[in-house]
Amino acid sequence: MKPFMWLFTFLLAGTLLGGCSSEEGAEDVDKKDQAEETTAEELASALKLMENEKTGKYLADADGMALYYFTKDKPDTTNCSGECLENWPAFYSEHLDVPDGYNKEDFGTITREDTGKKQTTYKGYPLYYFVNDKAQGDVNGQGVKDVWFIINNETIFAH
């Protein structure tokens with residue numbers, strides 16, 4: 001009977017050790033998946049330059065949606081809330097990859113006082129989408145009420 005006890009102990013130990021290595025393999029796979037997700041998020045938040053016949057080149061998010069600024073905003077302060085924010089949703093991205101012609105240091109983040117949510121800024125000015133831009137390449141918000149404008153590398157903010 002003793003020979004079978006040794007065999008049983010040996011098989012039990014092998015099973016336990018095999019189970020541990022399977023868990024480690026699963027952890028490695030999870031880490032790899034997380035790294036791929038992070039890379040995908042970073043790629044998804046890459047800003048790009050788009051071009052339109054009316055406006056020329058302008059800054060857009062990774063999906064090609066135009067980004068705007070509001071001339072009534074102040075550096076690091078938004079003056080668009082309530083109904084304004086419904087029409088001009090805030091743009092935010094944790095990780096930005098900026099296109100040639102732009103300086104990554106010109107982009108920052110504020111926390112909105114009204115919603116407590118973060119919003120990306122360019123040279124201190126909060127960035128927005130326009131609700132009537134429905135597809136990549138739309139720039140329907142350009143010049144609205146003479147206070148909403150696209151971002152391009154020629155944008156000059158009056159301080």
# chains A, B, ... in the order shown; residues from 1 in each chain; ligands from 1
call {"tool": "residues_around", "arguments": {"residues": "Trp148 of chain A", "least_positions_apart": "4", "cutoff": "6 Å", "atoms": "only C-alpha atoms", "output": "MDAnalysis selection string"}}
result
chainID A and resid 69:70 143:144
call {"tool": "write_last_selection", "arguments": {"atoms": "N, CA and C atoms", "output": "mmCIF file, in the first residue's frame"}}
result
data_model
loop_
_atom_site.group_PDB
_atom_site.id
_atom_site.type_symbol
_atom_site.label_atom_id
_atom_site.label_comp_id
_atom_site.auth_asym_id
_atom_site.auth_seq_id
_atom_site.Cartn_x
_atom_site.Cartn_y
_atom_site.Cartn_z
ATOM 1 N N TYR A 69 -13.113 75.748 -30.335
ATOM 2 C CA TYR A 69 -12.962 76.530 -29.112
ATOM 3 C C TYR A 69 -14.015 77.622 -29.098
ATOM 4 N N PHE A 70 -14.297 78.119 -27.893
ATOM 5 C CA PHE A 70 -15.336 79.107 -27.644
ATOM 6 C C PHE A 70 -14.640 80.398 -27.222
ATOM 7 N N GLY A 143 -17.520 79.213 -37.069
ATOM 8 C CA GLY A 143 -18.062 80.560 -37.159
ATOM 9 C C GLY A 143 -19.447 80.745 -36.560
ATOM 10 N N VAL A 144 -20.016 79.731 -35.917
ATOM 11 C CA VAL A 144 -21.350 79.862 -35.349
ATOM 12 C C VAL A 144 -21.380 81.033 -34.369
#
call {"tool": "select_by_dssp", "arguments": {"residues": "segment 33-140 of chain A", "states": "helix (DSSP H, G or I)", "output": "PyMOL selection string"}}
result
chain A and resi 33-44+83-87+104-106
call {"tool": "atom_distance", "arguments": {"atom1": "atom CA of Ala66 of chain A", "atom2": "atom CA of Tyr102 of chain A"}}
result
15.6 Å
call {"tool": "closest_residue", "arguments": {"among": "A:Lys118, A:Tyr125, A:Lys57, A:Pro89", "to": "Asp106 of chain A", "atoms": "only C-alpha atoms"}}
result
A:Tyr125
call {"tool": "residues_around", "arguments": {"residues": "Asn140 of chain A", "least_positions_apart": "3", "cutoff": "10 Å", "atoms": "only C-alpha atoms", "output": "list in words"}}
result
Ala66, Phe130, Val131, Asn132, Asp133, Lys134, Gly137, Gly143, Val144, Phe149 and Ile150 of chain A
call {"tool": "atom_distance", "arguments": {"atom1": "atom CA of Tyr128 of chain A", "atom2": "atom CA of Tyr58 of chain A"}}
result
13.3 Å
call {"tool": "residues_around", "arguments": {"residues": "Leu47 of chain A", "least_positions_apart": "4", "cutoff": "8 Å", "atoms": "only C-alpha atoms", "output": "PyMOL selection string"}}
result
chain A and resi 59-62+96-99
call {"tool": "write_last_selection", "arguments": {"atoms": "N, CA, C and O atoms", "output": "PDB file, in the first residue's frame"}}
result
ATOM      1  N   LEU A  59      -7.842  70.759 -36.684  1.00  0.00           N
ATOM      2  CA  LEU A  59      -7.584  69.671 -35.751  1.00  0.00           C
ATOM      3  C   LEU A  59      -8.853  68.860 -35.507  1.00  0.00           C
ATOM      4  O   LEU A  59      -9.932  69.423 -35.323  1.00  0.00           O
ATOM      5  N   ALA A  60      -8.708  67.541 -35.536  1.00  0.00           N
ATOM      6  CA  ALA A  60      -9.837  66.638 -35.303  1.00  0.00           C
ATOM      7  C   ALA A  60      -9.403  65.516 -34.371  1.00  0.00           C
ATOM      8  O   ALA A  60      -8.212  65.263 -34.195  1.00  0.00           O
ATOM      9  N   ASP A  61     -10.392  64.849 -33.788  1.00  0.00           N
ATOM     10  CA  ASP A  61     -10.077  63.700 -32.945  1.00  0.00           C
ATOM     11  C   ASP A  61      -9.721  62.507 -33.832  1.00  0.00           C
ATOM     12  O   ASP A  61      -9.680  62.617 -35.057  1.00  0.00           O
ATOM     13  N   ALA A  62      -9.494  61.360 -33.221  1.00  0.00           N
ATOM     14  CA  ALA A  62      -9.074  60.171 -33.960  1.00  0.00           C
ATOM     15  C   ALA A  62     -10.117  59.709 -34.970  1.00  0.00           C
ATOM     16  O   ALA A  62      -9.784  59.059 -35.959  1.00  0.00           O
ATOM     17  N   LEU A  96      -2.886  61.930 -25.467  1.00  0.00           N
ATOM     18  CA  LEU A  96      -2.960  62.557 -26.788  1.00  0.00           C
ATOM     19  C   LEU A  96      -1.677  62.331 -27.564  1.00  0.00           C
ATOM     20  O   LEU A  96      -0.582  62.452 -27.025  1.00  0.00           O
ATOM     21  N   ASP A  97      -1.834  62.016 -28.806  1.00  0.00           N
ATOM     22  CA  ASP A  97      -0.729  61.980 -29.751  1.00  0.00           C
ATOM     23  C   ASP A  97      -1.049  63.085 -30.752  1.00  0.00           C
ATOM     24  O   ASP A  97      -2.074  63.015 -31.437  1.00  0.00           O
ATOM     25  N   VAL A  98      -0.233  64.122 -30.796  1.00  0.00           N
ATOM     26  CA  VAL A  98      -0.561  65.289 -31.612  1.00  0.00           C
ATOM     27  C   VAL A  98       0.130  65.216 -32.981  1.00  0.00           C
ATOM     28  O   VAL A  98       1.216  64.669 -33.105  1.00  0.00           O
ATOM     29  N   PRO A  99      -0.524  65.772 -33.996  1.00  0.00           N
ATOM     30  CA  PRO A  99       0.057  65.727 -35.341  1.00  0.00           C
ATOM     31  C   PRO A  99       1.208  66.715 -35.500  1.00  0.00           C
ATOM     32  O   PRO A  99       1.386  67.625 -34.678  1.00  0.00           O
TER      33      PRO A  99
END
call {"tool": "closest_residue", "arguments": {"among": "A:Lys145, A:His95, A:Lys74, A:Lys54", "to": "Lys123 of chain A", "atoms": "only C-alpha atoms"}}
result
A:Lys74
call {"tool": "closest_residue", "arguments": {"among": "A:Gly141, A:Ile151, A:Pro75, A:Thr111", "to": "Asn87 of chain A", "atoms": "only C-alpha atoms"}}
result
A:Gly141
call {"tool": "select_by_dssp", "arguments": {"residues": "segment 52-146 of chain A", "states": "strand (DSSP E or B)", "output": "list of chain:residue names"}}
result
A:Asn52, A:Gly56, A:Lys57, A:Tyr58, A:Leu59, A:Ala60, A:Ala66, A:Tyr68, A:Tyr69, A:Phe70, A:Lys74, A:Thr77, A:Ala90, A:Asp97, A:Phe107, A:Gly108, A:Thr109, A:Ile110, A:Thr111, A:Lys118, A:Gln119, A:Thr120, A:Thr121, A:Tyr122, A:Tyr125, A:Pro126, A:Tyr128
call {"tool": "write_last_selection", "arguments": {"atoms": "N, CA and C atoms", "output": "PDB file, in the first residue's frame"}}
result
ATOM      1  N   ASN A  52     -10.601  70.883 -45.134  1.00  0.00           N
ATOM      2  CA  ASN A  52     -11.906  71.201 -45.698  1.00  0.00           C
ATOM      3  C   ASN A  52     -11.722  72.375 -46.651  1.00  0.00           C
ATOM      4  N   GLY A  56      -9.821  75.059 -44.634  1.00  0.00           N
ATOM      5  CA  GLY A  56      -8.428  74.638 -44.708  1.00  0.00           C
ATOM      6  C   GLY A  56      -8.174  73.512 -43.717  1.00  0.00           C
ATOM      7  N   LYS A  57      -6.950  73.426 -43.225  1.00  0.00           N
ATOM      8  CA  LYS A  57      -6.588  72.360 -42.285  1.00  0.00           C
ATOM      9  C   LYS A  57      -7.091  72.704 -40.890  1.00  0.00           C
ATOM     10  N   TYR A  58      -7.515  71.664 -40.174  1.00  0.00           N
ATOM     11  CA  TYR A  58      -8.019  71.848 -38.818  1.00  0.00           C
ATOM     12  C   TYR A  58      -7.760  70.590 -37.993  1.00  0.00           C
ATOM     13  N   LEU A  59      -7.842  70.759 -36.684  1.00  0.00           N
ATOM     14  CA  LEU A  59      -7.584  69.671 -35.751  1.00  0.00           C
ATOM     15  C   LEU A  59      -8.853  68.860 -35.507  1.00  0.00           C
ATOM     16  N   ALA A  60      -8.708  67.541 -35.536  1.00  0.00           N
ATOM     17  CA  ALA A  60      -9.837  66.638 -35.303  1.00  0.00           C
ATOM     18  C   ALA A  60      -9.403  65.516 -34.371  1.00  0.00           C
ATOM     19  N   ALA A  66     -14.288  67.293 -35.913  1.00  0.00           N
ATOM     20  CA  ALA A  66     -13.651  68.592 -35.700  1.00  0.00           C
ATOM     21  C   ALA A  66     -13.694  68.997 -34.225  1.00  0.00           C
ATOM     22  N   TYR A  68     -13.386  72.343 -31.611  1.00  0.00           N
ATOM     23  CA  TYR A  68     -13.668  73.776 -31.614  1.00  0.00           C
ATOM     24  C   TYR A  68     -13.255  74.418 -30.297  1.00  0.00           C
ATOM     25  N   TYR A  69     -13.113  75.748 -30.335  1.00  0.00           N
ATOM     26  CA  TYR A  69     -12.962  76.530 -29.112  1.00  0.00           C
ATOM     27  C   TYR A  69     -14.015  77.622 -29.098  1.00  0.00           C
ATOM     28  N   PHE A  70     -14.297  78.119 -27.893  1.00  0.00           N
ATOM     29  CA  PHE A  70     -15.336  79.107 -27.644  1.00  0.00           C
ATOM     30  C   PHE A  70     -14.640  80.398 -27.222  1.00  0.00           C
ATOM     31  N   LYS A  74     -12.128  81.500 -21.067  1.00  0.00           N
ATOM     32  CA  LYS A  74     -10.866  82.085 -20.616  1.00  0.00           C
ATOM     33  C   LYS A  74      -9.881  80.937 -20.453  1.00  0.00           C
ATOM     34  N   THR A  77     -10.598  77.955 -18.119  1.00  0.00           N
ATOM     35  CA  THR A  77     -11.949  78.178 -17.589  1.00  0.00           C
ATOM     36  C   THR A  77     -12.953  78.104 -18.727  1.00  0.00           C
ATOM     37  N   ALA A  90     -18.100  68.626 -24.455  1.00  0.00           N
ATOM     38  CA  ALA A  90     -16.678  68.744 -24.120  1.00  0.00           C
ATOM     39  C   ALA A  90     -15.887  67.588 -24.732  1.00  0.00           C
ATOM     40  N   ASP A  97      -1.834  62.016 -28.806  1.00  0.00           N
ATOM     41  CA  ASP A  97      -0.729  61.980 -29.751  1.00  0.00           C
ATOM     42  C   ASP A  97      -1.049  63.085 -30.752  1.00  0.00           C
ATOM     43  N   PHE A 107      -1.241  71.225 -25.016  1.00  0.00           N
ATOM     44  CA  PHE A 107      -2.472  70.553 -24.628  1.00  0.00           C
ATOM     45  C   PHE A 107      -2.438  70.248 -23.142  1.00  0.00           C
ATOM     46  N   GLY A 108      -3.573  70.450 -22.503  1.00  0.00           N
ATOM     47  CA  GLY A 108      -3.675  70.194 -21.074  1.00  0.00           C
ATOM     48  C   GLY A 108      -5.061  69.688 -20.724  1.00  0.00           C
ATOM     49  N   THR A 109      -5.360  69.698 -19.441  1.00  0.00           N
ATOM     50  CA  THR A 109      -6.645  69.215 -18.948  1.00  0.00           C
ATOM     51  C   THR A 109      -7.144  70.117 -17.843  1.00  0.00           C
ATOM     52  N   ILE A 110      -8.439  70.391 -17.858  1.00  0.00           N
ATOM     53  CA  ILE A 110      -9.094  71.083 -16.750  1.00  0.00           C
ATOM     54  C   ILE A 110     -10.173  70.160 -16.196  1.00  0.00           C
ATOM     55  N   THR A 111     -10.609  70.460 -14.993  1.00  0.00           N
ATOM     56  CA  THR A 111     -11.780  69.794 -14.433  1.00  0.00           C
ATOM     57  C   THR A 111     -12.892  70.838 -14.406  1.00  0.00           C
ATOM     58  N   LYS A 118     -13.453  65.959 -16.658  1.00  0.00           N
ATOM     59  CA  LYS A 118     -12.254  66.526 -17.275  1.00  0.00           C
ATOM     60  C   LYS A 118     -12.544  66.954 -18.708  1.00  0.00           C
ATOM     61  N   GLN A 119     -11.763  67.959 -19.150  1.00  0.00           N
ATOM     62  CA  GLN A 119     -11.885  68.456 -20.520  1.00  0.00           C
ATOM     63  C   GLN A 119     -10.492  68.824 -21.002  1.00  0.00           C
ATOM     64  N   THR A 120     -10.180  68.444 -22.221  1.00  0.00           N
ATOM     65  CA  THR A 120      -8.886  68.744 -22.821  1.00  0.00           C
ATOM     66  C   THR A 120      -8.859  70.205 -23.262  1.00  0.00           C
ATOM     67  N   THR A 121      -7.695  70.825 -23.097  1.00  0.00           N
ATOM     68  CA  THR A 121      -7.514  72.213 -23.519  1.00  0.00           C
ATOM     69  C   THR A 121      -6.396  72.308 -24.545  1.00  0.00           C
ATOM     70  N   TYR A 122      -6.452  73.373 -25.337  1.00  0.00           N
ATOM     71  CA  TYR A 122      -5.379  73.714 -26.261  1.00  0.00           C
ATOM     72  C   TYR A 122      -4.977  75.147 -25.940  1.00  0.00           C
ATOM     73  N   TYR A 125      -7.326  76.812 -23.648  1.00  0.00           N
ATOM     74  CA  TYR A 125      -8.739  76.940 -24.012  1.00  0.00           C
ATOM     75  C   TYR A 125      -9.393  75.563 -24.146  1.00  0.00           C
ATOM     76  N   PRO A 126     -10.522  75.359 -23.451  1.00  0.00           N
ATOM     77  CA  PRO A 126     -11.226  74.071 -23.532  1.00  0.00           C
ATOM     78  C   PRO A 126     -11.658  73.743 -24.964  1.00  0.00           C
ATOM     79  N   TYR A 128     -14.094  71.497 -27.708  1.00  0.00           N
ATOM     80  CA  TYR A 128     -15.461  70.999 -27.820  1.00  0.00           C
ATOM     81  C   TYR A 128     -15.701  70.349 -29.175  1.00  0.00           C
TER      82      TYR A 128
END
call {"tool": "closest_residue", "arguments": {"among": "A:Cys80, A:Lys48, A:Asp138, A:Ser93", "to": "Asn153 of chain A", "atoms": "only C-alpha atoms"}}
result
A:Lys48
